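Source file: final_19.cif (mmCIF, C-alpha atoms)
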data_target
#
loop_
_atom_site.label_atom_id
_atom_site.label_comp_id
_atom_site.auth_asym_id
_atom_site.auth_seq_id
_atom_site.Cartn_x
_atom_site.Cartn_y
_atom_site.Cartn_z
CA MET A 1 -23.93 -47.31 -5.16
CA GLN A 2 -20.27 -46.87 -4.32
CA ILE A 3 -18.66 -46.69 -0.87
CA ASN A 4 -14.99 -45.67 -0.53
CA LEU A 5 -13.12 -46.19 2.74
CA ALA A 6 -9.42 -45.78 3.59
CA LYS A 7 -7.04 -46.21 6.53
CA THR A 8 -3.35 -45.56 6.94
CA VAL A 9 -1.19 -48.26 8.53
CA ALA A 10 2.46 -48.40 9.55
CA ALA A 11 3.43 -51.28 7.26
CA GLN A 12 5.02 -51.74 3.88
CA PRO A 13 2.53 -52.31 1.02
CA ALA A 14 3.75 -55.89 0.44
CA ALA A 15 3.23 -56.80 4.11
CA ALA A 16 -0.23 -55.20 4.16
CA PHE A 17 -1.20 -56.99 0.96
CA ALA A 18 0.01 -60.32 2.35
CA THR A 19 -2.53 -59.99 5.17
CA ILE A 20 -5.33 -58.77 2.87
CA SER A 21 -4.81 -61.49 0.27
CA ASN A 22 -4.61 -64.31 2.84
CA ILE A 23 -8.31 -64.97 2.31
CA THR A 24 -8.37 -68.28 4.19
CA ASP A 25 -7.31 -66.44 7.38
CA TRP A 26 -10.08 -63.83 7.15
CA PRO A 27 -12.21 -65.56 9.83
CA GLN A 28 -9.33 -64.95 12.30
CA ILE A 29 -8.83 -61.35 11.06
CA ILE A 30 -12.25 -59.92 10.22
CA ASN A 31 -14.75 -60.34 13.05
CA SER A 32 -17.83 -60.44 10.79
CA ILE A 33 -16.47 -63.33 8.70
CA THR A 34 -17.23 -66.71 10.25
CA SER A 35 -15.85 -69.03 7.55
CA VAL A 36 -14.07 -69.15 4.20
CA GLU A 37 -14.05 -72.20 1.97
CA LEU A 38 -12.00 -72.22 -1.23
CA LEU A 39 -14.02 -73.77 -4.05
CA THR A 40 -11.14 -73.64 -6.53
CA PRO A 41 -7.97 -75.66 -5.83
CA GLY A 42 -4.54 -74.04 -5.89
CA PRO A 43 -3.24 -70.62 -4.92
CA ILE A 44 -5.41 -67.48 -4.84
CA ARG A 45 -5.52 -66.05 -8.38
CA ALA A 46 -7.97 -64.45 -10.79
CA GLY A 47 -10.84 -66.89 -11.17
CA THR A 48 -10.50 -68.42 -7.69
CA ARG A 49 -13.97 -69.03 -6.24
CA LEU A 50 -14.77 -69.10 -2.54
CA ARG A 51 -17.70 -69.40 -0.18
CA GLU A 52 -17.75 -66.91 2.66
CA GLY A 53 -19.90 -67.08 5.78
CA ARG A 54 -20.40 -63.78 7.57
CA ILE A 55 -22.63 -61.82 9.87
CA MET A 56 -24.15 -58.97 7.87
CA PHE A 57 -26.85 -56.66 9.18
CA GLY A 58 -27.02 -58.90 12.25
CA ARG A 59 -27.80 -62.04 10.23
CA GLU A 60 -25.72 -65.03 9.17
CA THR A 61 -25.23 -65.05 5.39
CA THR A 62 -23.31 -67.18 2.93
CA GLN A 63 -22.01 -65.78 -0.33
CA GLU A 64 -20.05 -67.19 -3.22
CA LEU A 65 -17.36 -64.80 -4.42
CA GLU A 66 -14.82 -64.86 -7.20
CA VAL A 67 -11.41 -63.21 -7.38
CA ALA A 68 -11.73 -60.86 -10.36
CA THR A 69 -8.29 -59.25 -10.08
CA ILE A 70 -5.18 -59.88 -8.04
CA ASP A 71 -2.29 -57.53 -8.66
CA ARG A 72 0.31 -58.09 -5.93
CA PRO A 73 0.97 -56.03 -3.82
CA HIS A 74 -1.65 -53.45 -4.78
CA ARG A 75 -5.07 -54.87 -5.57
CA LEU A 76 -7.45 -57.70 -4.72
CA ARG A 77 -10.89 -57.35 -6.29
CA LEU A 78 -13.69 -59.76 -5.49
CA PHE A 79 -17.08 -59.88 -7.16
CA ILE A 80 -20.41 -61.49 -6.47
CA ALA A 81 -22.95 -62.17 -9.17
CA ASP A 82 -26.13 -62.45 -7.11
CA PRO A 83 -29.28 -62.91 -9.21
CA ASP A 84 -30.63 -59.47 -8.21
CA LEU A 85 -27.52 -57.46 -7.38
CA HIS A 86 -24.01 -57.68 -8.73
CA TYR A 87 -21.36 -56.13 -6.54
CA GLU A 88 -17.64 -56.00 -6.11
CA LEU A 89 -15.32 -55.37 -3.22
CA ASP A 90 -11.97 -53.84 -4.12
CA HIS A 91 -9.02 -53.94 -1.69
CA LEU A 92 -6.31 -51.47 -2.72
CA VAL A 93 -2.90 -50.82 -1.13
CA ASP A 94 -0.75 -47.75 -1.87
CA GLY A 95 2.64 -46.89 -0.42
CA ILE A 96 2.92 -43.54 1.36
CA TYR A 97 5.91 -41.25 1.05
CA GLY A 98 7.95 -41.56 4.22
CA GLY A 99 6.76 -45.09 5.01
CA GLY A 100 3.59 -46.95 5.71
CA CYS A 101 0.70 -47.46 3.37
CA ARG A 102 -2.92 -46.64 2.79
CA ILE A 103 -5.40 -49.49 2.52
CA MET A 104 -8.68 -48.83 0.78
CA LEU A 105 -11.89 -50.77 0.61
CA ILE A 106 -14.23 -49.85 -2.24
CA PHE A 107 -17.69 -51.37 -2.56
CA ARG A 108 -19.56 -51.00 -5.87
CA SER A 109 -22.98 -52.39 -6.64
CA ARG A 110 -25.31 -52.40 -9.57
CA PRO A 111 -28.71 -54.02 -9.92
CA ALA A 112 -28.82 -56.93 -12.33
CA THR A 113 -32.55 -57.23 -12.97
CA ALA A 114 -35.42 -54.88 -13.76
CA ALA A 115 -36.80 -55.41 -10.23
CA GLY A 116 -33.39 -54.65 -8.76
CA ARG A 117 -33.06 -51.49 -10.86
CA GLY A 118 -36.52 -50.39 -9.72
CA LEU A 119 -35.77 -50.91 -6.02
CA HIS A 120 -32.16 -49.65 -6.07
CA PRO A 121 -32.97 -45.90 -5.70
CA PHE A 122 -35.20 -46.58 -2.69
CA ILE A 123 -32.97 -49.10 -0.91
CA THR A 124 -29.63 -47.36 -1.53
CA PRO A 125 -29.88 -44.48 1.00
CA VAL A 126 -30.73 -46.76 3.93
CA ALA A 127 -28.51 -49.66 2.89
CA GLU A 128 -25.54 -47.37 2.24
CA ILE A 129 -25.43 -46.13 5.84
CA THR A 130 -25.64 -49.61 7.36
CA LEU A 131 -23.28 -51.15 4.81
CA ARG A 132 -20.74 -48.35 5.33
CA ASP A 133 -20.70 -49.19 9.06
CA GLU A 134 -20.15 -52.89 8.31
CA LEU A 135 -17.34 -52.15 5.84
CA GLU A 136 -15.67 -49.69 8.24
CA ARG A 137 -15.51 -52.46 10.86
CA ASP A 138 -14.02 -54.88 8.29
CA LEU A 139 -11.41 -52.30 7.26
CA SER A 140 -10.54 -51.59 10.92
CA ASP A 141 -10.10 -55.33 11.53
CA LEU A 142 -7.76 -55.60 8.53
CA ALA A 143 -5.78 -52.51 9.60
CA SER A 144 -5.41 -53.85 13.16
CA SER A 145 -4.18 -57.21 11.89
CA ILE A 146 -1.70 -55.53 9.54
CA ALA A 147 -0.39 -53.37 12.40
CA VAL A 148 0.02 -56.41 14.69
CA GLU A 149 1.82 -58.36 11.95
CA GLY A 150 4.11 -55.37 11.32
CA SER A 151 4.87 -55.06 15.03
CA ASN A 152 5.64 -58.79 15.27
CA ARG A 153 8.00 -58.56 12.27
CA ALA A 154 9.77 -55.55 13.82
CA GLU A 155 10.23 -57.41 17.12
CA GLU A 156 11.60 -60.47 15.31
CA LYS A 157 14.02 -58.29 13.35
CA ALA A 158 15.19 -56.51 16.51
CA GLU A 159 15.81 -59.87 18.22
CA THR A 160 17.71 -61.15 15.18
CA ASP A 161 19.79 -57.98 14.85
CA GLY A 162 20.51 -57.78 18.58
CA GLY A 163 21.04 -61.43 19.35
#

structure tokens encoding of this file:
Amino acid sequence: MQINLAKTVAAQPAAAFATISNITDWPQIINSITSVELLTPGPIRAGTRLREGRIMFGRETTQELEVATIDRPHRLRLFIADPDLHYELDHLVDGIYGGGCRIMLIFRSRPATAAGRGLHPFITPVAEITLRDELERDLSDLASSIAVEGSNRAEEKAETDGG
């Protein structure tokens, strides 16, 4: 299963990526995320592991994720190796001609076991609709936070330039 979502925001790619890659602030940015705990010391980089608490499908869940790829300011890819289902969540940022950027959220899953492969065709149609809704809310939360940060930076610059 693959779900692709995108939104355009009035921010430079580097500013948008700064918000997206600030994983420890996700509980203040993304409403469905209740907690983030870094399990690997140091800055966020490929191999960083984290534990994320979130509300998914109306239930509290905890997942351990790993940063698979971080390519500033364009890509942050996380993956989860659950015993039955491996999936990844890709955050991409592209500049747009004339200003602003497009942020994309791409979810990819693949069953990891024979039981998972057997159930995947039956679960996918229903799960995809519900999961798409959840991911759309997460992307909207990120886009809103990026827009607010961009507005705050513009106000600070105007005060500095004018004062």

Interatomic distance (Å, one decimal) between CA of Ala10 in chain A and CA of Leu142 in chain A: 12.5 Å

Report, in Å with one decimal, the straight-line distance from CA of Ile103 in chain A to CA of Arg137 in chain A. 13.4 Å

Exercise: Leu92 in chain A partners within 9 Å, all atoms listed in the file, chain neighbours under 3 positions left out, as a count of residues only: 11

Chain and number of each residue from the PyMOL selection byres ((chain A and resi 55) around 12), as a list of chain:residue names: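 With the shown file as input, the PyMOL selection byres ((chain A and resi 55) around 12) matches A:Pro27, A:Ile30, A:Asn31, A:Ser32, A:Ile33, A:Thr34, A:Ser35, A:Glu52, A:Gly53, A:Arg54, A:Met56, A:Phe57, A:Gly58, A:Arg59, A:Glu60, A:Thr61, A:Thr62, A:Gln63, A:Leu131, A:Glu134, A:Leu135, A:Arg137, A:Asp138.
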
Give me a file of those residues, with C-alpha atoms, as a PDB file, in the coordinates of the input.
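Wrote it out as out27.pdb, contents follow:
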ATOM      1  CA  PRO A  27     -12.210 -65.560   9.830  1.00  0.00           C
ATOM      2  CA  ILE A  30     -12.250 -59.920  10.220  1.00  0.00           C
ATOM      3  CA  ASN A  31     -14.750 -60.340  13.050  1.00  0.00           C
ATOM      4  CA  SER A  32     -17.830 -60.440  10.790  1.00  0.00           C
ATOM      5  CA  ILE A  33     -16.470 -63.330   8.700  1.00  0.00           C
ATOM      6  CA  THR A  34     -17.230 -66.710  10.250  1.00  0.00           C
ATOM      7  CA  SER A  35     -15.850 -69.030   7.550  1.00  0.00           C
ATOM      8  CA  GLU A  52     -17.750 -66.910   2.660  1.00  0.00           C
ATOM      9  CA  GLY A  53     -19.900 -67.080   5.780  1.00  0.00           C
ATOM     10  CA  ARG A  54     -20.400 -63.780   7.570  1.00  0.00           C
ATOM     11  CA  MET A  56     -24.150 -58.970   7.870  1.00  0.00           C
ATOM     12  CA  PHE A  57     -26.850 -56.660   9.180  1.00  0.00           C
ATOM     13  CA  GLY A  58     -27.020 -58.900  12.250  1.00  0.00           C
ATOM     14  CA  ARG A  59     -27.800 -62.040  10.230  1.00  0.00           C
ATOM     15  CA  GLU A  60     -25.720 -65.030   9.170  1.00  0.00           C
ATOM     16  CA  THR A  61     -25.230 -65.050   5.390  1.00  0.00           C
ATOM     17  CA  THR A  62     -23.310 -67.180   2.930  1.00  0.00           C
ATOM     18  CA  GLN A  63     -22.010 -65.780  -0.330  1.00  0.00           C
ATOM     19  CA  LEU A 131     -23.280 -51.150   4.810  1.00  0.00           C
ATOM     20  CA  GLU A 134     -20.150 -52.890   8.310  1.00  0.00           C
ATOM     21  CA  LEU A 135     -17.340 -52.150   5.840  1.00  0.00           C
ATOM     22  CA  ARG A 137     -15.510 -52.460  10.860  1.00  0.00           C
ATOM     23  CA  ASP A 138     -14.020 -54.880   8.290  1.00  0.00           C
TER      24      ASP A 138
END

Please, what is the axis-aligned box for every listed atom of range 59-68 of chain A with 6 Å on each side, as centre and edge lengths in Å to one decimal, as JSON?
{"center_x": -19.6, "center_y": -64.0, "center_z": -0.1, "size_x": 28.4, "size_y": 18.3, "size_z": 32.6}

Show me, as number ranges by chain, the residues that have an atom within 8 Å of Phe79 in chain A when counting all atoms listed in the file, minus same-chain residues fewer than 4 positions from it. A: 65-68, 86-89

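Taking CA of Leu78 in chain A as the reference point, CA of Gln12 in chain A is found at 22.4 Å.
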
Please write as a count of residues only the list of polymer residues whose atoms come within 9 Å of (1.4, -50.9, 6.2), counting all atoms listed in the file and keeping to the coordinates of the file. 23

Go through the shown structure with the PyMOL selection byres ((chain A and resi 48) around 9) and write out the matching residues as a PyMOL selection string. chain A and resi 38-47+49-50+65-68

So which one's closest to Glu136 in chain A, A:Asn22, A:Ala81, A:Phe107, A:Glu149? Using only C-alpha atoms, please.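 Closest to Glu136 in chain A of all the choices is A:Phe107.
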